[in-house]
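J.: Questions regarding the structure given below will be posed in turn.
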Amino acid sequence: MIRTAAVSAIALSIATTVATAQDSLRIGMTFQEMNNPYFVSMQEALNEAASALGASVVVTDAGHDVAKQIADVEDMLQQGIDILIVNPTDSAGIEGAVQAAHDAGVIVVAVDANANGPVDSFVGSKNYDAGYLSCQYLANALGGEGEVAILDGIPVVPILQRVEGCRDALAEFDGIEIVDMQNGRQDRSIALGVAENMIQAHPNLGGIFSVNDGGAMGVLAAIEGSGRDILLTSVDGAPEAVEAIQRGSAFIETTAQFPRDQIRIGLAMALAKHWGANVVPAEVPIDVMVVDVENAADFSW
(Lines give C-alpha, C1' and ligand atoms only; values in the text may rest on other atoms or scores of the structure.)
Protein backbone atom coordinates (compact mmCIF):
# COMPACT_ATOMS: atom_id res chain seq x y z
CA MET A 1 0.00 0.00 0.00
CA ILE A 2 1.43 3.32 -1.06
CA ARG A 3 1.77 5.94 1.64
CA THR A 4 1.03 8.97 -0.45
CA ALA A 5 2.69 11.71 1.56
CA ALA A 6 6.01 9.88 1.81
CA VAL A 7 6.01 8.83 -1.83
CA SER A 8 5.17 12.29 -3.14
CA ALA A 9 7.74 13.99 -0.92
CA ILE A 10 10.54 11.63 -1.93
CA ALA A 11 9.62 11.68 -5.61
CA LEU A 12 9.48 15.44 -5.86
CA SER A 13 12.68 15.85 -3.84
CA ILE A 14 14.47 13.63 -6.35
CA ALA A 15 12.77 15.40 -9.23
CA THR A 16 13.85 18.82 -7.99
CA THR A 17 17.47 17.67 -7.74
CA VAL A 18 17.46 16.16 -11.20
CA ALA A 19 15.70 19.17 -12.69
CA THR A 20 18.74 21.37 -12.15
CA ALA A 21 20.48 19.44 -14.90
CA GLN A 22 17.53 19.41 -17.30
CA ASP A 23 16.12 21.80 -19.84
CA SER A 24 12.93 23.57 -18.81
CA LEU A 25 9.93 21.27 -18.96
CA ARG A 26 6.55 22.16 -20.41
CA ILE A 27 3.66 20.49 -18.60
CA GLY A 28 0.10 20.47 -19.90
CA MET A 29 -2.83 19.80 -17.56
CA THR A 30 -6.40 19.43 -18.78
CA PHE A 31 -9.16 19.35 -16.16
CA GLN A 32 -12.69 18.09 -16.63
CA GLU A 33 -13.83 21.20 -14.75
CA MET A 34 -12.41 23.96 -12.57
CA ASN A 35 -15.65 25.03 -10.86
CA ASN A 36 -14.81 22.72 -7.97
CA PRO A 37 -12.46 23.24 -4.99
CA TYR A 38 -11.21 19.68 -5.44
CA PHE A 39 -9.70 20.46 -8.82
CA VAL A 40 -8.59 23.92 -7.74
CA SER A 41 -6.47 22.28 -5.04
CA MET A 42 -4.98 20.00 -7.71
CA GLN A 43 -4.00 23.00 -9.80
CA GLU A 44 -2.42 24.68 -6.79
CA ALA A 45 -0.32 21.58 -6.10
CA LEU A 46 0.70 21.37 -9.76
CA ASN A 47 1.78 25.02 -9.82
CA GLU A 48 3.81 24.54 -6.63
CA ALA A 49 5.55 21.45 -8.01
CA ALA A 50 6.21 23.06 -11.39
CA SER A 51 7.70 26.11 -9.70
CA ALA A 52 10.08 23.88 -7.73
CA LEU A 53 11.08 22.18 -10.98
CA GLY A 54 11.47 25.38 -12.97
CA ALA A 55 8.85 24.05 -15.39
CA SER A 56 6.18 25.95 -17.29
CA VAL A 57 2.55 24.89 -17.04
CA VAL A 58 -0.42 25.17 -19.40
CA VAL A 59 -3.78 24.50 -17.70
CA THR A 60 -7.16 24.17 -19.44
CA ASP A 61 -10.73 23.69 -18.24
CA ALA A 62 -12.97 21.42 -20.36
CA GLY A 63 -16.14 22.39 -18.52
CA HIS A 64 -17.32 18.77 -18.92
CA ASP A 65 -17.20 19.19 -22.71
CA VAL A 66 -15.17 16.37 -24.26
CA ALA A 67 -14.91 18.15 -27.62
CA LYS A 68 -13.33 21.14 -25.90
CA GLN A 69 -11.00 18.89 -23.94
CA ILE A 70 -9.80 17.24 -27.15
CA ALA A 71 -9.23 20.65 -28.75
CA ASP A 72 -7.38 21.82 -25.64
CA VAL A 73 -5.02 18.83 -25.81
CA GLU A 74 -4.40 19.42 -29.51
CA ASP A 75 -3.53 23.04 -28.74
CA MET A 76 -1.13 22.00 -25.97
CA LEU A 77 0.61 19.59 -28.33
CA GLN A 78 1.10 22.47 -30.75
CA GLN A 79 2.75 24.37 -27.90
CA GLY A 80 5.32 21.58 -27.50
CA ILE A 81 4.47 20.14 -24.09
CA ASP A 82 6.66 17.33 -22.74
CA ILE A 83 4.14 15.94 -20.24
CA LEU A 84 0.35 15.77 -20.42
CA ILE A 85 -1.65 15.24 -17.23
CA VAL A 86 -5.23 14.47 -18.14
CA ASN A 87 -8.28 14.53 -15.89
CA PRO A 88 -10.81 13.24 -18.42
CA THR A 89 -14.35 14.44 -18.67
CA ASP A 90 -15.08 11.32 -20.74
CA SER A 91 -12.67 8.39 -20.40
CA ALA A 92 -13.55 6.88 -23.78
CA GLY A 93 -14.08 10.15 -25.62
CA ILE A 94 -10.58 11.43 -24.85
CA GLU A 95 -8.85 8.35 -26.30
CA GLY A 96 -7.98 9.96 -29.63
CA ALA A 97 -6.29 12.91 -27.91
CA VAL A 98 -4.32 10.54 -25.65
CA GLN A 99 -3.18 8.61 -28.71
CA ALA A 100 -2.12 11.82 -30.45
CA ALA A 101 -0.07 12.86 -27.41
CA HIS A 102 1.58 9.45 -27.23
CA ASP A 103 2.38 9.54 -30.97
CA ALA A 104 4.00 12.95 -30.44
CA GLY A 105 6.33 11.49 -27.79
CA VAL A 106 4.54 13.16 -24.89
CA ILE A 107 4.31 11.35 -21.54
CA VAL A 108 0.65 10.93 -20.56
CA VAL A 109 -0.56 10.47 -16.98
CA ALA A 110 -4.23 10.36 -16.01
CA VAL A 111 -5.33 11.59 -12.58
CA ASP A 112 -8.57 11.12 -10.61
CA ALA A 113 -10.22 9.27 -13.52
CA ASN A 114 -8.43 7.05 -16.02
CA ALA A 115 -8.46 7.63 -19.77
CA ASN A 116 -8.63 5.15 -22.60
CA GLY A 117 -5.60 4.87 -24.84
CA PRO A 118 -1.83 4.62 -24.23
CA VAL A 119 -1.67 6.23 -20.79
CA ASP A 120 1.74 5.79 -19.13
CA SER A 121 0.30 5.78 -15.61
CA PHE A 122 -2.96 6.41 -13.78
CA VAL A 123 -3.08 7.91 -10.29
CA GLY A 124 -6.44 7.96 -8.55
CA SER A 125 -8.32 7.36 -5.33
CA LYS A 126 -9.65 4.01 -4.20
CA ASN A 127 -13.14 5.02 -5.24
CA TYR A 128 -14.83 1.71 -4.47
CA ASP A 129 -13.47 1.99 -0.93
CA ALA A 130 -14.72 5.58 -0.70
CA GLY A 131 -18.29 4.61 -1.56
CA TYR A 132 -18.16 1.55 0.66
CA LEU A 133 -16.84 3.38 3.72
CA SER A 134 -19.25 6.29 3.36
CA CYS A 135 -22.34 4.07 3.04
CA GLN A 136 -21.17 1.73 5.79
CA TYR A 137 -20.90 4.80 8.02
CA LEU A 138 -24.40 5.93 6.99
CA ALA A 139 -25.95 2.52 7.67
CA ASN A 140 -24.31 2.29 11.07
CA ALA A 141 -25.50 5.80 11.94
CA LEU A 142 -29.05 4.69 11.08
CA GLY A 143 -28.71 1.73 13.40
CA GLY A 144 -28.78 -0.68 10.46
CA GLU A 145 -32.38 0.13 9.56
CA GLY A 146 -34.19 2.58 7.32
CA GLU A 147 -34.69 3.91 3.79
CA VAL A 148 -31.69 5.28 1.93
CA ALA A 149 -31.35 7.15 -1.38
CA ILE A 150 -28.27 7.51 -3.59
CA LEU A 151 -27.44 10.73 -5.40
CA ASP A 152 -25.57 9.47 -8.46
CA GLY A 153 -23.39 11.49 -10.86
CA ILE A 154 -21.77 11.65 -14.27
CA PRO A 155 -21.10 8.05 -15.40
CA VAL A 156 -17.29 8.05 -15.29
CA VAL A 157 -15.42 5.15 -13.68
CA PRO A 158 -14.73 6.81 -10.28
CA ILE A 159 -18.42 7.63 -9.81
CA LEU A 160 -19.52 4.16 -10.91
CA GLN A 161 -17.06 2.62 -8.45
CA ARG A 162 -18.35 4.77 -5.58
CA VAL A 163 -21.92 3.70 -6.27
CA GLU A 164 -20.84 0.07 -6.47
CA GLY A 165 -19.03 0.34 -3.14
CA CYS A 166 -22.03 2.05 -1.58
CA ARG A 167 -24.46 -0.61 -2.76
CA ASP A 168 -22.21 -3.39 -1.48
CA ALA A 169 -21.92 -1.76 1.94
CA LEU A 170 -25.66 -1.17 2.28
CA ALA A 171 -26.37 -4.75 1.18
CA GLU A 172 -24.64 -5.97 4.35
CA PHE A 173 -27.46 -4.48 6.46
CA ASP A 174 -30.71 -6.44 6.24
CA GLY A 175 -32.70 -3.52 7.60
CA ILE A 176 -31.49 -0.98 5.03
CA GLU A 177 -33.50 -0.46 1.83
CA ILE A 178 -32.34 1.62 -1.17
CA VAL A 179 -35.55 3.34 -2.25
CA ASP A 180 -34.25 5.83 -4.85
CA MET A 181 -31.24 6.65 -7.01
CA GLN A 182 -31.12 9.76 -9.18
CA ASN A 183 -28.43 11.74 -10.99
CA GLY A 184 -27.40 15.05 -9.44
CA ARG A 185 -24.54 15.44 -11.95
CA GLN A 186 -22.19 16.34 -9.06
CA ASP A 187 -23.61 19.87 -9.18
CA ARG A 188 -24.98 21.74 -6.17
CA SER A 189 -27.94 23.41 -7.86
CA ILE A 190 -29.02 20.28 -9.75
CA ALA A 191 -28.56 18.13 -6.64
CA LEU A 192 -30.74 20.53 -4.63
CA GLY A 193 -33.72 20.01 -6.91
CA VAL A 194 -33.16 16.25 -7.18
CA ALA A 195 -32.88 15.88 -3.41
CA GLU A 196 -36.03 17.92 -2.83
CA ASN A 197 -37.89 15.50 -5.11
CA MET A 198 -36.40 12.49 -3.28
CA ILE A 199 -37.41 13.84 0.11
CA GLN A 200 -40.95 14.64 -1.04
CA ALA A 201 -41.38 11.23 -2.69
CA HIS A 202 -40.17 9.23 0.33
CA PRO A 203 -41.69 10.37 3.65
CA ASN A 204 -39.72 7.72 5.57
CA LEU A 205 -36.35 8.51 4.00
CA GLY A 206 -33.62 8.25 6.65
CA GLY A 207 -30.38 8.83 4.76
CA ILE A 208 -28.83 10.02 1.50
CA PHE A 209 -25.43 9.18 0.03
CA SER A 210 -23.99 11.67 -2.47
CA VAL A 211 -21.17 10.65 -4.81
CA ASN A 212 -19.40 13.97 -4.21
CA ASP A 213 -19.34 16.87 -1.77
CA GLY A 214 -20.46 19.46 -4.33
CA GLY A 215 -23.72 17.63 -4.84
CA ALA A 216 -23.92 16.90 -1.13
CA MET A 217 -24.04 20.61 -0.32
CA GLY A 218 -27.16 20.88 -2.48
CA VAL A 219 -28.61 17.86 -0.67
CA LEU A 220 -27.83 19.45 2.68
CA ALA A 221 -29.77 22.56 1.68
CA ALA A 222 -32.73 20.39 0.67
CA ILE A 223 -32.63 18.47 3.96
CA GLU A 224 -32.44 21.65 6.03
CA GLY A 225 -35.25 23.20 4.00
CA SER A 226 -37.47 20.17 4.59
CA GLY A 227 -37.06 20.17 8.36
CA ARG A 228 -36.76 16.39 8.20
CA ASP A 229 -34.34 14.23 10.19
CA ILE A 230 -32.29 12.80 7.30
CA LEU A 231 -28.59 11.90 7.52
CA LEU A 232 -26.12 12.65 4.73
CA THR A 233 -22.74 11.17 3.77
CA SER A 234 -20.54 11.80 0.78
CA VAL A 235 -17.09 11.57 -0.83
CA ASP A 236 -14.30 14.15 -1.28
CA GLY A 237 -13.30 15.94 1.92
CA ALA A 238 -14.00 19.41 0.53
CA PRO A 239 -13.49 22.30 2.98
CA GLU A 240 -17.16 23.31 2.90
CA ALA A 241 -18.27 19.77 3.63
CA VAL A 242 -15.78 19.36 6.46
CA GLU A 243 -17.03 22.59 8.01
CA ALA A 244 -20.64 21.40 7.80
CA ILE A 245 -19.70 18.13 9.51
CA GLN A 246 -17.75 19.96 12.20
CA ARG A 247 -20.68 22.20 13.12
CA GLY A 248 -22.98 19.23 13.62
CA SER A 249 -25.42 19.37 10.70
CA ALA A 250 -27.27 16.54 8.94
CA PHE A 251 -24.01 16.06 7.02
CA ILE A 252 -22.29 13.49 9.23
CA GLU A 253 -19.41 12.09 7.13
CA THR A 254 -17.33 12.50 3.99
CA THR A 255 -14.76 9.97 2.82
CA ALA A 256 -11.84 12.18 1.93
CA GLN A 257 -9.63 11.99 -1.12
CA PHE A 258 -6.19 13.56 -1.40
CA PRO A 259 -6.18 15.57 -4.64
CA ARG A 260 -2.83 17.27 -4.02
CA ASP A 261 -1.09 13.93 -3.58
CA GLN A 262 -2.68 12.62 -6.77
CA ILE A 263 -1.06 15.47 -8.73
CA ARG A 264 2.30 15.19 -6.97
CA ILE A 265 2.53 11.45 -7.52
CA GLY A 266 1.17 11.69 -11.06
CA LEU A 267 3.82 14.26 -11.93
CA ALA A 268 6.48 12.08 -10.29
CA MET A 269 5.43 9.15 -12.51
CA ALA A 270 5.61 11.37 -15.57
CA LEU A 271 9.02 12.75 -14.65
CA ALA A 272 10.44 9.29 -14.05
CA LYS A 273 9.27 8.22 -17.50
CA HIS A 274 10.45 11.44 -19.12
CA TRP A 275 13.90 11.07 -17.59
CA GLY A 276 14.42 7.52 -18.81
CA ALA A 277 12.63 5.02 -16.59
CA ASN A 278 11.71 2.01 -18.70
CA VAL A 279 8.72 1.13 -16.55
CA VAL A 280 6.51 3.08 -14.16
CA PRO A 281 3.47 1.66 -12.33
CA ALA A 282 0.48 1.38 -14.64
CA GLU A 283 -1.77 2.36 -11.75
CA VAL A 284 -1.13 4.02 -8.40
CA PRO A 285 -4.15 3.75 -6.06
CA ILE A 286 -4.40 6.40 -3.35
CA ASP A 287 -5.96 5.65 0.04
CA VAL A 288 -9.09 7.45 1.25
CA MET A 289 -10.05 8.41 4.82
CA VAL A 290 -13.28 8.77 6.77
CA VAL A 291 -13.82 12.31 8.07
CA ASP A 292 -16.52 12.82 10.69
CA VAL A 293 -17.17 15.07 13.68
CA GLU A 294 -14.35 13.37 15.60
CA ASN A 295 -11.54 14.39 13.22
CA ALA A 296 -13.02 17.11 10.99
CA ALA A 297 -11.24 19.92 12.87
CA ASP A 298 -7.86 18.40 12.07
CA PHE A 299 -8.47 17.56 8.39
CA SER A 300 -7.68 19.59 5.29
CA TRP A 301 -6.65 18.84 1.71
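Labeling convention for the C-alpha coordinates: chains A, B, ... as they appear, residues from 1 per chain, ligands from 1 in order of appearance.
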Write out as a tab-separated table the residues of region 110-176 of chain A that have any atom within 7 Å of an atom of region 288-297 of chain A, one row each with the nearest atom pair and its distance in Å to one decimal, counting only C-alpha atoms, sorted by chain and then rising number.
T.:
```
residue	atom	partner	partner_atom	distance
A:Ser125	CA	A:Val288	CA	6.6
A:Lys126	CA	A:Val288	CA	6.5
A:Ala130	CA	A:Val288	CA	6.2
```
J.: What's the 12 Å shell around region 238-240 of chain A, counting only C-alpha atoms, without same-chain residues fewer than 5 positions away, as a ChimeraX atom specification?
T.: /A:36-41,212-218,220,245-247,251,253-259,291,296-301
J.: If I take CA of Gln32 (chain A) and CA of Asn87 (chain A), how far is one from the other in Å, to one decimal?
T.: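 We find that CA of Gln32 (chain A) and CA of Asn87 (chain A) lie 5.7 Å from each other.
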J.: Can you list, as a count of residues only, every residue of region 64-186 of chain A that DSSP puts in strand (DSSP E)?
T.: 31
J.: Rank A:Ser56, A:Val156, A:Gln78, A:Gly63 by their smallest atom-to-atom distance to Asp90 (chain A), using only C-alpha atoms, and report the top residue only.
T.: A:Val156
J.: Can you pull out every residue from region 239-298 of chain A that DSSP, working from the backbone, puts in alpha helix (DSSP H), and format the result as JSON, numbers by chain?
T.: {"A": [239, 240, 241, 242, 243, 244, 245, 246, 259, 260, 261, 262, 263, 264, 265, 266, 267, 268, 269, 270, 271, 272, 273, 274]}
J.: Compare A:Asn183, A:Gln79, A:Thr233, A:Ser51 by their minimum atom-to-atom distance to Gly28 (chain A), counting only C-alpha atoms, and give me the closest one.
T.: A:Gln79
J.: For region 171-177 of chain A, work out the shell of residues within 6 Å, counting only C-alpha atoms and skipping chain neighbours fewer than 5 positions away, then give it as a PyMOL selection string.
T.: chain A and resi 144-147
J.: Here is a test: counting only C-alpha atoms, which residue of A:Ile265, A:Ile70, A:Ala50, A:Ala270 is nearest to Thr30 (chain A)?
T.: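 The answer is A:Ile70, which sits nearest to Thr30 (chain A).
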J.: When you draw a straight line from CA of Asp72 (chain A) to CA of Gly105 (chain A), how long is it in Å?
T.: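 Computed distance, CA of Asp72 (chain A) to CA of Gly105 (chain A), equals 17.3 Å.
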J.: With only C-alpha atoms as the counted atoms, please give the residues lying no more than 12 Å from Glu283 (chain A), apart from itself and same-chain residues fewer than 2 positions off, as a list in words.
T.: Ile2, Val109, Ala110, Val111, Asp112, Ala113, Asn114, Ala115, Val119, Asp120, Ser121, Phe122, Val123, Gly124, Ser125, Lys126, Gln262, Ile265, Gly266, Met269, Val279, Val280, Pro281, Pro285 and Ile286 of chain A
J.: Excluding Gly207 (chain A) and any residue of its chain fewer than 6 positions from it, enumerate the residues within 8 Å of it, using only C-alpha atoms, and give them as a VMD selection string.
T.: chain A and resid 138 142 146 to 149 230 to 232
J.: Calculated over only C-alpha atoms, which of the candidates A:Gln43, A:Ser226, A:Ser234, A:Gln69 has the smallest distance to Asn197 (chain A)?
T.: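 Closest residue, counting only C-alpha atoms: A:Ser226.
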J.: Please report, as a tab-separated table, each residue of region 199-226 of chain A lying at most 8 Å from region 151-155 of chain A, together with the nearest pair of atoms and the separation in Å rounded to one decimal; use only C-alpha atoms, and order rows by chain and ascending residue number.
T.:
```
residue	atom	partner	partner_atom	distance
A:Ile208	CA	A:Leu151	CA	7.1
A:Phe209	CA	A:Leu151	CA	6.0
A:Ser210	CA	A:Leu151	CA	4.6
A:Val211	CA	A:Asp152	CA	5.8
A:Gly215	CA	A:Leu151	CA	7.9
```
J.: Take CA of Val157 (chain A) and CA of Leu271 (chain A) and report the distance between them in Å, one decimal.
T.: 25.6 Å
J.: Quick one: residues within 8 Å of Asp229 (chain A), only C-alpha atoms counted, chain neighbours fewer than 5 positions away excluded, as a PyMOL selection string?
T.: chain A and resi 206+223+250
